[in-house]
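> Got a file for you: final31.pdb, PDB, C-alpha atoms and all ligand atoms.
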ATOM      1  CA  MET A1388     -36.208 -66.023 -13.470
ATOM      2  CA  ALA A1389     -37.071 -62.863 -11.501
ATOM      3  CA  GLN A1390     -40.730 -61.803 -11.480
ATOM      4  CA  ILE A1391     -40.712 -58.079 -12.170
ATOM      5  CA  GLN A1392     -44.011 -56.396 -12.851
ATOM      6  CA  TYR A1393     -43.700 -54.192 -15.946
ATOM      7  CA  GLN A1394     -44.898 -50.650 -15.418
ATOM      8  CA  PHE A1395     -44.877 -48.015 -18.130
ATOM      9  CA  ARG A1396     -42.720 -45.086 -17.029
ATOM     10  CA  LYS A1397     -42.246 -42.062 -19.258
ATOM     11  CA  ARG A1398     -38.693 -41.565 -17.985
ATOM     12  CA  ASP A1399     -37.756 -44.974 -19.429
ATOM     13  CA  GLU A1400     -38.836 -43.933 -22.920
ATOM     14  CA  TYR A1401     -35.733 -42.234 -24.251
ATOM     15  CA  PHE A1402     -34.095 -43.573 -27.359
ATOM     16  CA  THR A1403     -30.493 -43.820 -28.467
ATOM     17  CA  PRO A1404     -29.221 -41.718 -31.382
ATOM     18  CA  SER A1405     -27.218 -43.735 -33.907
ATOM     19  CA  TYR A1406     -23.944 -41.869 -33.266
ATOM     20  CA  ALA A1407     -23.865 -43.320 -29.734
ATOM     21  CA  VAL A1408     -23.755 -46.898 -31.092
ATOM     22  CA  TYR A1409     -20.399 -46.535 -32.899
ATOM     23  CA  PRO A1410     -18.053 -46.300 -29.885
ATOM     24  CA  ILE A1411     -19.242 -49.659 -28.564
ATOM     25  CA  MET A1412     -19.453 -51.295 -31.998
ATOM     26  CA  LYS A1413     -15.751 -50.861 -32.632
ATOM     27  CA  ARG A1414     -14.991 -52.964 -29.554
ATOM     28  CA  LEU A1415     -16.948 -55.985 -30.823
ATOM     29  CA  ARG A1416     -15.773 -59.018 -32.734
ATOM     30  CA  PRO A1417     -16.804 -58.611 -36.401
ATOM     31  CA  GLY A1418     -19.745 -60.756 -37.406
ATOM     32  CA  ALA A1419     -20.737 -61.564 -33.821
ATOM     33  CA  VAL A1420     -24.309 -62.226 -32.664
ATOM     34  CA  ILE A1421     -25.760 -59.431 -30.520
ATOM     35  CA  TRP A1422     -28.890 -59.562 -28.382
ATOM     36  CA  CYS A1423     -30.580 -56.156 -27.972
ATOM     37  CA  PRO A1424     -33.250 -56.918 -25.344
ATOM     38  CA  PHE A1425     -34.876 -53.464 -25.055
ATOM     39  CA  ASP A1426     -35.206 -52.763 -28.760
ATOM     40  CA  THR A1427     -37.588 -52.802 -31.697
ATOM     41  CA  ALA A1428     -36.785 -52.772 -35.409
ATOM     42  CA  ASP A1429     -36.599 -48.952 -35.178
ATOM     43  CA  SER A1430     -33.746 -48.990 -32.678
ATOM     44  CA  ALA A1431     -30.435 -47.439 -33.693
ATOM     45  CA  TYR A1432     -28.686 -50.496 -32.214
ATOM     46  CA  VAL A1433     -30.620 -52.861 -34.441
ATOM     47  CA  LYS A1434     -30.072 -50.736 -37.548
ATOM     48  CA  VAL A1435     -26.404 -49.848 -37.070
ATOM     49  CA  PHE A1436     -25.321 -53.349 -35.989
ATOM     50  CA  SER A1437     -27.273 -55.025 -38.817
ATOM     51  CA  ARG A1438     -25.830 -52.717 -41.441
ATOM     52  CA  ASN A1439     -22.330 -53.389 -40.194
ATOM     53  CA  GLY A1440     -22.301 -57.163 -40.524
ATOM     54  CA  PHE A1441     -23.497 -58.268 -37.086
ATOM     55  CA  ARG A1442     -26.404 -60.646 -36.533
ATOM     56  CA  VAL A1443     -28.941 -58.986 -34.271
ATOM     57  CA  ILE A1444     -31.582 -60.600 -32.106
ATOM     58  CA  TYR A1445     -33.900 -58.026 -30.594
ATOM     59  CA  GLY A1446     -36.989 -57.784 -28.434
ATOM     60  CA  HIS A1447     -39.001 -55.245 -26.454
ATOM     61  CA  ILE A1448     -41.700 -55.325 -23.804
ATOM     62  CA  GLN A1449     -44.185 -53.781 -26.238
ATOM     63  CA  THR A1450     -43.709 -56.655 -28.661
ATOM     64  CA  GLY A1451     -44.135 -59.206 -25.892
ATOM     65  CA  GLN A1452     -40.509 -59.919 -25.022
ATOM     66  CA  ASP A1453     -39.978 -59.094 -21.374
ATOM     67  CA  PHE A1454     -36.236 -59.179 -20.683
ATOM     68  CA  PHE A1455     -36.862 -60.739 -17.277
ATOM     69  CA  GLN A1456     -39.032 -63.514 -18.668
ATOM     70  CA  THR A1457     -37.201 -64.290 -21.891
ATOM     71  CA  ASP A1458     -34.702 -67.107 -22.184
ATOM     72  CA  THR A1459     -31.283 -65.858 -23.190
ATOM     73  CA  PRO A1460     -30.794 -66.457 -26.908
ATOM     74  CA  ASP A1461     -27.584 -67.911 -28.263
ATOM     75  CA  CYS A1462     -25.506 -64.735 -28.605
ATOM     76  CA  ASP A1463     -22.019 -63.318 -28.107
ATOM     77  CA  TYR A1464     -22.963 -59.965 -26.579
ATOM     78  CA  ILE A1465     -25.931 -58.268 -24.913
ATOM     79  CA  ILE A1466     -26.057 -54.582 -25.783
ATOM     80  CA  SER A1467     -28.659 -51.862 -25.365
ATOM     81  CA  ASN A1468     -29.873 -48.810 -23.531
ATOM     82  CA  PRO A1469     -32.058 -50.297 -20.751
ATOM     83  CA  PRO A1470     -34.997 -48.815 -18.804
ATOM     84  CA  TYR A1471     -33.252 -46.683 -16.196
ATOM     85  CA  SER A1472     -35.870 -47.384 -13.542
ATOM     86  CA  LEU A1473     -34.794 -51.053 -13.619
ATOM     87  CA  LYS A1474     -31.033 -50.464 -13.719
ATOM     88  CA  ASN A1475     -30.212 -52.684 -10.730
ATOM     89  CA  GLU A1476     -32.479 -55.528 -11.819
ATOM     90  CA  VAL A1477     -31.111 -55.400 -15.369
ATOM     91  CA  LEU A1478     -27.502 -55.498 -14.157
ATOM     92  CA  GLU A1479     -28.280 -58.352 -11.761
ATOM     93  CA  ARG A1480     -29.730 -60.417 -14.556
ATOM     94  CA  LEU A1481     -26.881 -59.603 -16.941
ATOM     95  CA  TYR A1482     -24.287 -60.733 -14.433
ATOM     96  CA  ALA A1483     -26.326 -63.870 -13.778
ATOM     97  CA  ILE A1484     -26.445 -64.636 -17.514
ATOM     98  CA  GLY A1485     -22.677 -64.250 -17.651
ATOM     99  CA  LYS A1486     -22.265 -63.083 -21.254
ATOM    100  CA  PRO A1487     -20.294 -59.953 -22.207
ATOM    101  CA  PHE A1488     -22.592 -56.937 -22.037
ATOM    102  CA  ALA A1489     -22.669 -53.190 -22.563
ATOM    103  CA  MET A1490     -25.508 -50.989 -21.325
ATOM    104  CA  LEU A1491     -25.728 -47.294 -22.089
ATOM    105  CA  ILE A1492     -26.732 -45.717 -18.794
ATOM    106  CA  ASN A1493     -26.639 -42.576 -16.728
ATOM    107  CA  PHE A1494     -23.306 -42.629 -14.912
ATOM    108  CA  GLN A1495     -24.378 -40.132 -12.270
ATOM    109  CA  GLY A1496     -24.550 -41.812  -8.899
ATOM    110  CA  ILE A1497     -23.670 -45.179 -10.389
ATOM    111  CA  PHE A1498     -21.589 -46.166  -7.356
ATOM    112  CA  ASP A1499     -23.993 -44.656  -4.813
ATOM    113  CA  SER A1500     -26.214 -47.696  -4.574
ATOM    114  CA  GLN A1501     -24.992 -50.303  -2.091
ATOM    115  CA  LYS A1502     -26.388 -53.044  -4.281
ATOM    116  CA  ARG A1503     -24.480 -51.915  -7.359
ATOM    117  CA  PHE A1504     -21.333 -51.210  -5.351
ATOM    118  CA  GLN A1505     -21.322 -54.806  -4.155
ATOM    119  CA  MET A1506     -22.021 -56.131  -7.658
ATOM    120  CA  PHE A1507     -19.125 -54.160  -9.140
ATOM    121  CA  LYS A1508     -16.792 -55.118  -6.306
ATOM    122  CA  GLU A1509     -17.402 -58.795  -6.965
ATOM    123  CA  ARG A1510     -17.649 -58.821 -10.757
ATOM    124  CA  ARG A1511     -15.770 -57.442 -13.719
ATOM    125  CA  VAL A1512     -16.954 -53.939 -14.654
ATOM    126  CA  GLU A1513     -15.761 -51.529 -17.329
ATOM    127  CA  MET A1514     -16.851 -47.958 -18.028
ATOM    128  CA  LEU A1515     -16.691 -46.408 -21.463
ATOM    129  CA  TRP A1516     -17.092 -42.662 -20.979
ATOM    130  CA  LEU A1517     -18.517 -40.613 -23.841
ATOM    131  CA  SER A1518     -18.153 -36.946 -24.683
ATOM    132  CA  PRO A1519     -20.076 -34.780 -25.331
ATOM    133  CA  ARG A1520     -23.187 -35.965 -23.490
ATOM    134  CA  VAL A1521     -25.570 -38.207 -25.439
ATOM    135  CA  ALA A1522     -28.718 -36.318 -26.478
ATOM    136  CA  TYR A1523     -31.368 -39.052 -26.265
ATOM    137  CA  MET A1524     -34.471 -38.858 -28.399
ATOM    138  CA  THR A1525     -38.040 -38.649 -27.212
ATOM    139  CA  GLU A1526     -40.760 -40.958 -28.515
ATOM    140  CA  GLY A1527     -41.279 -38.654 -31.504
ATOM    141  CA  ARG A1528     -37.594 -39.298 -32.289
ATOM    142  CA  GLN A1529     -36.749 -35.660 -31.587
ATOM    143  CA  PRO A1530     -33.461 -34.992 -29.734
ATOM    144  CA  ARG A1531     -34.203 -34.113 -26.135
ATOM    145  CA  GLN A1532     -33.542 -30.455 -25.377
ATOM    146  CA  GLY A1533     -30.759 -29.993 -22.837
ATOM    147  CA  VAL A1534     -28.841 -33.033 -21.700
ATOM    148  CA  PRO A1535     -29.106 -33.273 -17.929
ATOM    149  CA  PHE A1536     -26.663 -36.086 -17.253
ATOM    150  CA  GLN A1537     -23.472 -37.783 -18.358
ATOM    151  CA  SER A1538     -23.954 -41.266 -19.706
ATOM    152  CA  GLY A1539     -21.689 -43.971 -20.994
ATOM    153  CA  TYR A1540     -21.466 -47.712 -21.485
ATOM    154  CA  LEU A1541     -21.315 -49.861 -18.419
ATOM    155  CA  CYS A1542     -19.730 -53.055 -19.683
ATOM    156  CA  SER A1543     -18.409 -56.399 -18.609
ATOM    157  CA  GLY A1544     -16.132 -58.480 -20.790
ATOM    158  CA  ILE A1545     -16.009 -56.001 -23.679
ATOM    159  CA  CYS A1546     -13.419 -53.296 -22.957
ATOM    160  CA  GLU A1547      -9.775 -54.091 -22.515
ATOM    161  CA  ASN A1548      -9.415 -51.521 -19.729
ATOM    162  CA  GLN A1549     -11.760 -50.790 -16.862
ATOM    163  CA  LEU A1550     -11.856 -47.118 -17.847
ATOM    164  CA  GLU A1551     -12.014 -46.049 -21.459
ATOM    165  CA  PHE A1552     -12.950 -42.796 -23.199
ATOM    166  CA  GLU A1553     -14.402 -41.918 -26.607
ATOM    167  CA  TYR A1554     -15.499 -38.769 -28.384
ATOM    168  CA  LEU A1555     -18.859 -38.970 -30.099
ATOM    169  CA  ASP A1556     -19.197 -37.982 -33.722
ATOM    170  CA  ARG A1557     -22.712 -36.595 -34.052
ATOM    171  CA  GLN A1558     -22.456 -36.811 -37.831
ATOM    172  CA  GLU A1559     -22.446 -40.611 -37.743
ATOM    173  CA  LYS A1560     -25.742 -41.954 -39.057
ATOM    174  CA  GLU A1561     -27.488 -45.274 -39.287
TER     175      GLU A1561
HETATM  176  C1  LIG A1601     -34.272 -46.226 -22.354
HETATM  177  S1  LIG A1601     -35.370 -47.014 -23.513
HETATM  178  C2  LIG A1601     -34.235 -47.410 -24.807
HETATM  179  C3  LIG A1601     -34.836 -48.057 -26.000
HETATM  180  C4  LIG A1601     -33.812 -48.586 -27.011
HETATM  181  N1  LIG A1601     -33.023 -49.641 -26.385
HETATM  182  C5  LIG A1601     -32.899 -47.508 -27.520
HETATM  183  O1  LIG A1601     -31.719 -47.530 -27.140
HETATM  184  O2  LIG A1601     -33.325 -46.629 -28.280
HETATM  185  C6  LIG A1601     -35.679 -48.597 -22.703
HETATM  186  C7  LIG A1601     -36.847 -49.351 -23.309
HETATM  187  O3  LIG A1601     -37.000 -50.616 -22.643
HETATM  188  C8  LIG A1601     -38.390 -50.919 -22.568
HETATM  189  N2  LIG A1601     -38.614 -51.892 -21.468
HETATM  190  C9  LIG A1601     -38.990 -51.631 -20.191
HETATM  191  N3  LIG A1601     -39.054 -52.757 -19.477
HETATM  192  C10 LIG A1601     -38.712 -53.776 -20.323
HETATM  193  C11 LIG A1601     -38.603 -55.184 -20.173
HETATM  194  N4  LIG A1601     -38.851 -55.771 -18.988
HETATM  195  N5  LIG A1601     -38.235 -55.931 -21.240
HETATM  196  C12 LIG A1601     -37.987 -55.343 -22.445
HETATM  197  N6  LIG A1601     -38.107 -54.010 -22.660
HETATM  198  C13 LIG A1601     -38.444 -53.222 -21.608
HETATM  199  C14 LIG A1601     -39.042 -49.569 -22.334
HETATM  200  O4  LIG A1601     -40.416 -49.589 -22.709
HETATM  201  C15 LIG A1601     -38.174 -48.633 -23.187
HETATM  202  O5  LIG A1601     -38.711 -48.429 -24.477
END
Any chance you could put this one into structure tokens?
Ligand SMILES: C[S@@+](CC[C@H](N)C(=O)[O-])C[C@H]1O[C@@H](n2cnc3c(N)ncnc32)[C@H](O)[C@@H]1O

Amino acid sequence: MAQIQYQFRKRDEYFTPSYAVYPIMKRLRPGAVIWCPFDTADSAYVKVFSRNGFRVIYGHIQTGQDFFQTDTPDCDYIISNPPYSLKNEVLERLYAIGKPFAMLINFQGIFDSQKRFQMFKERRVEMLWLSPRVAYMTEGRQPRQGVPFQSGYLCSGICENQLEFEYLDRQEKE
């Protein structure tokens, strides 16, 4: 497994509001097992999936589960919002694992990187675009003021089409 030195970066510490979990959840097989590798018990993914009949396995660097050092659990999907500073490394490992995945990421410049371009050229990739922009939460669980970028789910093996679109319903709760 890749040796990646964990470094705390403030820009990685933005959290997903629960309404952003629903568009991906409706594309999953009911009752499936989902690994959320960048999540604690407080994560909207863990709460929304668990309350909707999925079995969730989760872990986070702060609770000692480094995604790059953890063996892949027996699961059907890998879904989360990953640390953006490690986007390439996360995608590389996900493709190497080979299970269906969906990662909520900043779509700006997603094809700019040569490394990612090559990955997407060789492997199956799907984009689930969301509107309006997702307002991530800060560590105090407050919605971030102003939403500077467009994000969506970068998936493989989950969406039927390579480009899909969903409106977000900000009223949807955990
Ligand atoms: C963008 S945040 C999203 C958190 C959560 N998934 C959510 O959607 O609310 C990414 C999180 O991954 C954590 N993280 C960073 N490197 C990690 C690693 N190697 N393994 C597991 N978690 C990591 C960060 O500390 C951060 O809290």
> Could you tell me, counting all atoms listed in the file, which protein and nucleic acid residues lie no more than 6 Å from ligand LIG 1601 (chain A), written as an MDAnalysis selection string?
chainID A and resid 1393 1399:1403 1424:1426 1430 1447:1448 1452:1455 1467:1470
> Could those residues be written to a file, using C-alpha atoms, as a CSV table (one decimal), in the coordinates of the input?

chain,number,residue,atom,x,y,z
A,1393,TYR,CA,-43.7,-54.2,-15.9
A,1399,ASP,CA,-37.8,-45.0,-19.4
A,1400,GLU,CA,-38.8,-43.9,-22.9
A,1401,TYR,CA,-35.7,-42.2,-24.3
A,1402,PHE,CA,-34.1,-43.6,-27.4
A,1403,THR,CA,-30.5,-43.8,-28.5
A,1424,PRO,CA,-33.2,-56.9,-25.3
A,1425,PHE,CA,-34.9,-53.5,-25.1
A,1426,ASP,CA,-35.2,-52.8,-28.8
A,1430,SER,CA,-33.7,-49.0,-32.7
A,1447,HIS,CA,-39.0,-55.2,-26.5
A,1448,ILE,CA,-41.7,-55.3,-23.8
A,1452,GLN,CA,-40.5,-59.9,-25.0
A,1453,ASP,CA,-40.0,-59.1,-21.4
A,1454,PHE,CA,-36.2,-59.2,-20.7
A,1455,PHE,CA,-36.9,-60.7,-17.3
A,1467,SER,CA,-28.7,-51.9,-25.4
A,1468,ASN,CA,-29.9,-48.8,-23.5
A,1469,PRO,CA,-32.1,-50.3,-20.8
A,1470,PRO,CA,-35.0,-48.8,-18.8
> Between A:Pro1410, A:Gly1440, A:Gly1544, A:Gly1451, which residue has the minimum interatomic distance to Pro1487 (chain A), considering all atoms listed in the file?
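Ranked by minimum distance to Pro1487 (chain A), first place goes to A:Gly1544.
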> Assuming the chain letters and numbering stay as they are in my file, what does the PyMOL selection byres (((chain A and resi 1493-1503) around 8) and not hetatm) actually select? List them as a compact mmCIF listing (two decimals) with C-alpha atoms, keeping the file's coordinate frame.

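Saved to out-v4.txt:
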# COMPACT_ATOMS: atom_id res chain seq x y z
CA TYR A 1471 -33.25 -46.68 -16.20
CA ASN A 1475 -30.21 -52.68 -10.73
CA LEU A 1491 -25.73 -47.29 -22.09
CA ILE A 1492 -26.73 -45.72 -18.79
CA PHE A 1504 -21.33 -51.21 -5.35
CA GLN A 1505 -21.32 -54.81 -4.16
CA MET A 1506 -22.02 -56.13 -7.66
CA PHE A 1507 -19.12 -54.16 -9.14
CA PHE A 1536 -26.66 -36.09 -17.25
CA GLN A 1537 -23.47 -37.78 -18.36
CA SER A 1538 -23.95 -41.27 -19.71
CA GLY A 1539 -21.69 -43.97 -20.99
> Counting only C-alpha atoms, figure out which residue out of A:Ser1543, A:Gln1392, A:Thr1459, A:Asn1548 gets nearest to Ala1489 (chain A).
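When distances to Ala1489 (chain A) are compared using only C-alpha atoms, the smallest one comes from A:Ser1543.
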> Which value, in Å to one decimal, gives the distance between CA of Cys1546 (chain A) and CA of Arg1414 (chain A)?
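Interatomic distance, CA of Cys1546 (chain A) to CA of Arg1414 (chain A): 6.8 Å.
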> Given the choices A:Glu1561, A:Glu1509, A:Glu1479, A:Asp1463, which gets closest to Phe1436 (chain A) if the distance is worked out from only C-alpha atoms?
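Using only C-alpha atoms, the shortest distance to Phe1436 (chain A) belongs to A:Glu1561.
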> Can you tell me, as AutoDock Vina command-line options, the centre and edge lengths (Å, one decimal) of the axis-aligned box enclosing all of region 1506-1520 of chain A's listed atoms after padding each side by 3 Å?

--center_x -19.5 --center_y -46.8 --center_z -15.8 --size_x 13.4 --size_y 30.0 --size_z 25.0
> Choose the residue, out of A:Val1433, A:Ile1391, A:Leu1541, A:Ala1407, that has the smallest atom-to-atom separation from Val1420 (chain A); count only C-alpha atoms.
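Smallest separation from Val1420 (chain A) among the options: A:Val1433.
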> As a check of understanding, name the residues that the PyMOL selection byres (((chain A and resi 1555) around 7) and not hetatm) selects in the supplied structure, as an NGL selection string.
:A and (1406-1407 or 1517-1519 or 1553-1554 or 1556-1557)
> Mind giving me the straight-line distance from CA of Arg1531 (chain A) to CA of Gln1549 (chain A) in Å, one decimal?
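Taking CA of Arg1531 (chain A) as the start and CA of Gln1549 (chain A) as the end point, the length is 29.5 Å.
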> Measuring between all atoms listed in the file, which one of A:Asp1458, A:Glu1551, A:Glu1526, A:Glu1513 shows the shortest distance to Pro1404 (chain A)?
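Result for the nearest residue to Pro1404 (chain A): A:Glu1526.
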